[in-house]
Amino acid sequence: MAKFWAVPVPLPPILVMVPPPLLYLAVFAAGLGLDALLPWHPAWLRSQAIHAAGGLALGLGAALAAAGIGVLHRRRTTVIPFGQPARLVASGPFRISRNPIYLALTIGSAGAALLLGRVWPLVLLPVPLAVMHRIVIPFEERRLRATFGAAYDVYCRQVRRWAGWTGGMPRRSLRRRRRT
């Protein structure tokens, strides 16, 4: 517990204290509530192919979340956004995204909406995405940078915030490549 206070990072904003799965679930439920009040069922959402794609996305999101949480547990570090990280994790799904669990929640939410054929949860999906991108992730990044310093900066240069590879090449290699 003393280690938590050893890192000089401001107290988390209130939205960081809300568990991300709960935020995504609340917004999804609000979308279902809107669907009950203002039904909107475009023809494309009734397609079996869309429902199947939604099921695949939901499964992918669940698998990605499980893999991310599993890596954090195996490395004995926190999964809580406002918790103090014990180790910098750059393996498993953290090789392709600095935030694979949030990416998984987003993919899974979109998949569930498609699977159920509901458009309102899709329309509202930018809400938790914006909270993660603008509030939660910047807080976590400040905490990680304060805890791990240059090692975290190197990791940020190699792995994108949401998904994809940046190439993972050191800056020196990039400079040489540009000159040729």
# chains A, B, ... in the order shown; residues from 1 in each chain; ligands from 1
>>> residues_around(residues="Arg87 (chain A)", least_positions_apart="4", cutoff="12 Å", atoms="only C-alpha atoms", output="list in words")
Val71, Leu72, His73, Arg74, Arg75, Arg76, Thr77, Thr78, Val79, Gly83, Ser91, Arg143, Leu144, Arg145, Thr147, Phe148, Gly149, Ala151 and Tyr152 of chain A
>>> residues_around(residues="Arg134 (chain A)", least_positions_apart="5", cutoff="12 Å", atoms="only C-alpha atoms", output="list of chain:residue names")
A:Pro13, A:Leu15, A:Val16, A:Pro126, A:Val127, A:Pro128, A:Leu129, A:Phe139, A:Glu140, A:Glu141, A:Arg161
>>> write_last_selection(atoms="N, CA and C atoms", output="PDB file, in the first residue's frame")
ATOM      1  N   PRO A  13      -9.550  10.859 -11.503  1.00  0.00           N
ATOM      2  CA  PRO A  13     -10.872  11.453 -11.695  1.00  0.00           C
ATOM      3  C   PRO A  13     -11.944  10.414 -11.379  1.00  0.00           C
ATOM      4  N   LEU A  15     -14.422   9.250 -13.010  1.00  0.00           N
ATOM      5  CA  LEU A  15     -14.716   8.263 -14.051  1.00  0.00           C
ATOM      6  C   LEU A  15     -13.659   7.168 -14.149  1.00  0.00           C
ATOM      7  N   VAL A  16     -12.460   7.418 -13.605  1.00  0.00           N
ATOM      8  CA  VAL A  16     -11.432   6.377 -13.575  1.00  0.00           C
ATOM      9  C   VAL A  16     -11.794   5.335 -12.521  1.00  0.00           C
ATOM     10  N   PRO A 126     -19.605   5.343 -28.881  1.00  0.00           N
ATOM     11  CA  PRO A 126     -18.563   6.370 -28.709  1.00  0.00           C
ATOM     12  C   PRO A 126     -18.489   6.979 -27.304  1.00  0.00           C
ATOM     13  N   VAL A 127     -19.553   6.850 -26.508  1.00  0.00           N
ATOM     14  CA  VAL A 127     -19.529   7.429 -25.154  1.00  0.00           C
ATOM     15  C   VAL A 127     -18.477   6.741 -24.278  1.00  0.00           C
ATOM     16  N   PRO A 128     -18.544   5.414 -24.059  1.00  0.00           N
ATOM     17  CA  PRO A 128     -17.492   4.812 -23.234  1.00  0.00           C
ATOM     18  C   PRO A 128     -16.121   4.880 -23.906  1.00  0.00           C
ATOM     19  N   LEU A 129     -16.116   4.836 -25.226  1.00  0.00           N
ATOM     20  CA  LEU A 129     -14.860   4.939 -25.954  1.00  0.00           C
ATOM     21  C   LEU A 129     -14.193   6.288 -25.676  1.00  0.00           C
ATOM     22  N   PHE A 139      -4.954   9.068 -17.649  1.00  0.00           N
ATOM     23  CA  PHE A 139      -4.608   8.893 -16.235  1.00  0.00           C
ATOM     24  C   PHE A 139      -3.653   7.714 -16.063  1.00  0.00           C
ATOM     25  N   GLU A 140      -4.010   6.589 -16.693  1.00  0.00           N
ATOM     26  CA  GLU A 140      -3.157   5.400 -16.590  1.00  0.00           C
ATOM     27  C   GLU A 140      -1.773   5.666 -17.183  1.00  0.00           C
ATOM     28  N   GLU A 141      -1.729   6.373 -18.310  1.00  0.00           N
ATOM     29  CA  GLU A 141      -0.438   6.656 -18.945  1.00  0.00           C
ATOM     30  C   GLU A 141       0.449   7.517 -18.042  1.00  0.00           C
ATOM     31  N   ARG A 161      -1.665   3.004 -28.915  1.00  0.00           N
ATOM     32  CA  ARG A 161      -2.602   3.092 -27.799  1.00  0.00           C
ATOM     33  C   ARG A 161      -3.752   2.102 -27.956  1.00  0.00           C
TER      34      ARG A 161
END
>>> residues_around(residues="Val27 (chain A)", least_positions_apart="3", cutoff="9 Å", atoms="only C-alpha atoms", output="PDB file with N, CA and C atoms, in the first residue's frame")
ATOM      1  N   LEU A  22     -18.243  -2.063 -16.273  1.00  0.00           N
ATOM      2  CA  LEU A  22     -19.506  -1.513 -15.791  1.00  0.00           C
ATOM      3  C   LEU A  22     -19.928  -0.312 -16.639  1.00  0.00           C
ATOM      4  N   LEU A  23     -18.976   0.537 -17.015  1.00  0.00           N
ATOM      5  CA  LEU A  23     -19.278   1.689 -17.866  1.00  0.00           C
ATOM      6  C   LEU A  23     -19.817   1.220 -19.216  1.00  0.00           C
ATOM      7  N   TYR A  24     -19.120   0.266 -19.848  1.00  0.00           N
ATOM      8  CA  TYR A  24     -19.582  -0.257 -21.131  1.00  0.00           C
ATOM      9  C   TYR A  24     -20.962  -0.901 -20.997  1.00  0.00           C
ATOM     10  N   ALA A  30     -28.278   1.437 -21.601  1.00  0.00           N
ATOM     11  CA  ALA A  30     -28.960   2.674 -22.013  1.00  0.00           C
ATOM     12  C   ALA A  30     -29.383   2.572 -23.472  1.00  0.00           C
ATOM     13  N   GLY A  31     -28.528   1.979 -24.301  1.00  0.00           N
ATOM     14  CA  GLY A  31     -28.871   1.778 -25.706  1.00  0.00           C
ATOM     15  C   GLY A  31     -30.072   0.857 -25.859  1.00  0.00           C
ATOM     16  N   LEU A  32     -30.125  -0.201 -25.060  1.00  0.00           N
ATOM     17  CA  LEU A  32     -31.281  -1.097 -25.105  1.00  0.00           C
ATOM     18  C   LEU A  32     -32.540  -0.378 -24.624  1.00  0.00           C
ATOM     19  N   PRO A 121     -27.290   0.732 -29.110  1.00  0.00           N
ATOM     20  CA  PRO A 121     -26.009   0.501 -28.428  1.00  0.00           C
ATOM     21  C   PRO A 121     -24.801   0.835 -29.312  1.00  0.00           C
ATOM     22  N   LEU A 124     -24.445   4.658 -29.282  1.00  0.00           N
ATOM     23  CA  LEU A 124     -23.914   5.158 -28.009  1.00  0.00           C
ATOM     24  C   LEU A 124     -22.494   4.665 -27.705  1.00  0.00           C
ATOM     25  N   LEU A 125     -21.971   3.741 -28.499  1.00  0.00           N
ATOM     26  CA  LEU A 125     -20.644   3.185 -28.233  1.00  0.00           C
ATOM     27  C   LEU A 125     -19.534   4.242 -28.142  1.00  0.00           C
ATOM     28  N   VAL A 127     -19.553   6.850 -26.508  1.00  0.00           N
ATOM     29  CA  VAL A 127     -19.529   7.429 -25.154  1.00  0.00           C
ATOM     30  C   VAL A 127     -18.477   6.741 -24.278  1.00  0.00           C
ATOM     31  N   PRO A 128     -18.544   5.414 -24.059  1.00  0.00           N
ATOM     32  CA  PRO A 128     -17.492   4.812 -23.234  1.00  0.00           C
ATOM     33  C   PRO A 128     -16.121   4.880 -23.906  1.00  0.00           C
TER      34      PRO A 128
END
>>> residues_around(residues="Arg95 (chain A)", least_positions_apart="3", cutoff="10 Å", atoms="only C-alpha atoms", output="list in words")
Val89, Ala90, Ser91, Gly92, Arg98, Asn99, Pro100, Tyr155, Gln158, Val159, Arg160, Ala163, Gly164, Trp165 and Gly168 of chain A
>>> write_last_selection(atoms="C-alpha atoms", output="CSV table (one decimal), in the first residue's frame")
chain,number,residue,atom,x,y,z
A,89,VAL,CA,3.6,-5.7,-19.3
A,90,ALA,CA,4.5,-5.8,-23.0
A,91,SER,CA,3.7,-9.4,-23.8
A,92,GLY,CA,0.6,-11.2,-25.0
A,98,ARG,CA,-1.4,-0.7,-24.9
A,99,ASN,CA,-5.0,-1.1,-24.0
A,100,PRO,CA,-6.2,-4.5,-25.2
A,155,TYR,CA,7.0,0.8,-25.1
A,158,GLN,CA,6.6,0.5,-30.2
A,159,VAL,CA,3.0,-0.2,-29.5
A,160,ARG,CA,-0.1,2.0,-30.4
A,163,ALA,CA,-4.2,-1.4,-31.9
A,164,GLY,CA,-1.6,-2.1,-34.5
A,165,TRP,CA,2.1,-2.0,-34.7
A,168,GLY,CA,8.8,-1.4,-33.3
>>> residues_around(residues="Ile14 (chain A)", least_positions_apart="3", cutoff="10 Å", atoms="only C-alpha atoms", output="MDAnalysis selection string")
chainID A and resid 11 17:18 135:136
>>> write_last_selection(atoms="C-alpha atoms", output="mmCIF file, in the first residue's frame")
data_model
loop_
_atom_site.group_PDB
_atom_site.id
_atom_site.type_symbol
_atom_site.label_atom_id
_atom_site.label_comp_id
_atom_site.auth_asym_id
_atom_site.auth_seq_id
_atom_site.Cartn_x
_atom_site.Cartn_y
_atom_site.Cartn_z
ATOM 1 C CA LEU A 11 -5.797 11.279 -7.476
ATOM 2 C CA MET A 17 -12.930 4.844 -10.436
ATOM 3 C CA VAL A 18 -15.827 3.296 -12.410
ATOM 4 C CA ILE A 135 -9.986 10.352 -19.199
ATOM 5 C CA VAL A 136 -9.063 6.811 -18.152
#
>>> select_by_dssp(residues="chain A", states="alpha helix (DSSP H)", output="PyMOL selection string")
chain A and resi 2-6+14-17+20-37+48-74+100-116+120-124+126-131+137-148+150-158+171-179
>>> residues_around(residues="region 61-66 of chain A", least_positions_apart="3", cutoff="10 Å", atoms="only C-alpha atoms", output="number ranges by chain")
A: 55-58, 69-72, 92-93, 99-112
>>> residues_around(residues="region 34-50 of chain A", least_positions_apart="3", cutoff="9 Å", atoms="only C-alpha atoms", output="list in words")
Ala29, Ala30, Gly31, Ala53, Gly54, Gly55, Leu114, Leu115, Leu116, Gly117, Arg118, Val119, Trp120 and Pro121 of chain A
>>> atom_distance(atom1="CA of Gly68 (chain A)", atom2="CA of Ile96 (chain A)")
11.0 Å
>>> atom_distance(atom1="CA of Leu25 (chain A)", atom2="CA of Pro85 (chain A)")
24.9 Å
>>> atom_distance(atom1="CA of Phe94 (chain A)", atom2="CA of His51 (chain A)")
28.7 Å
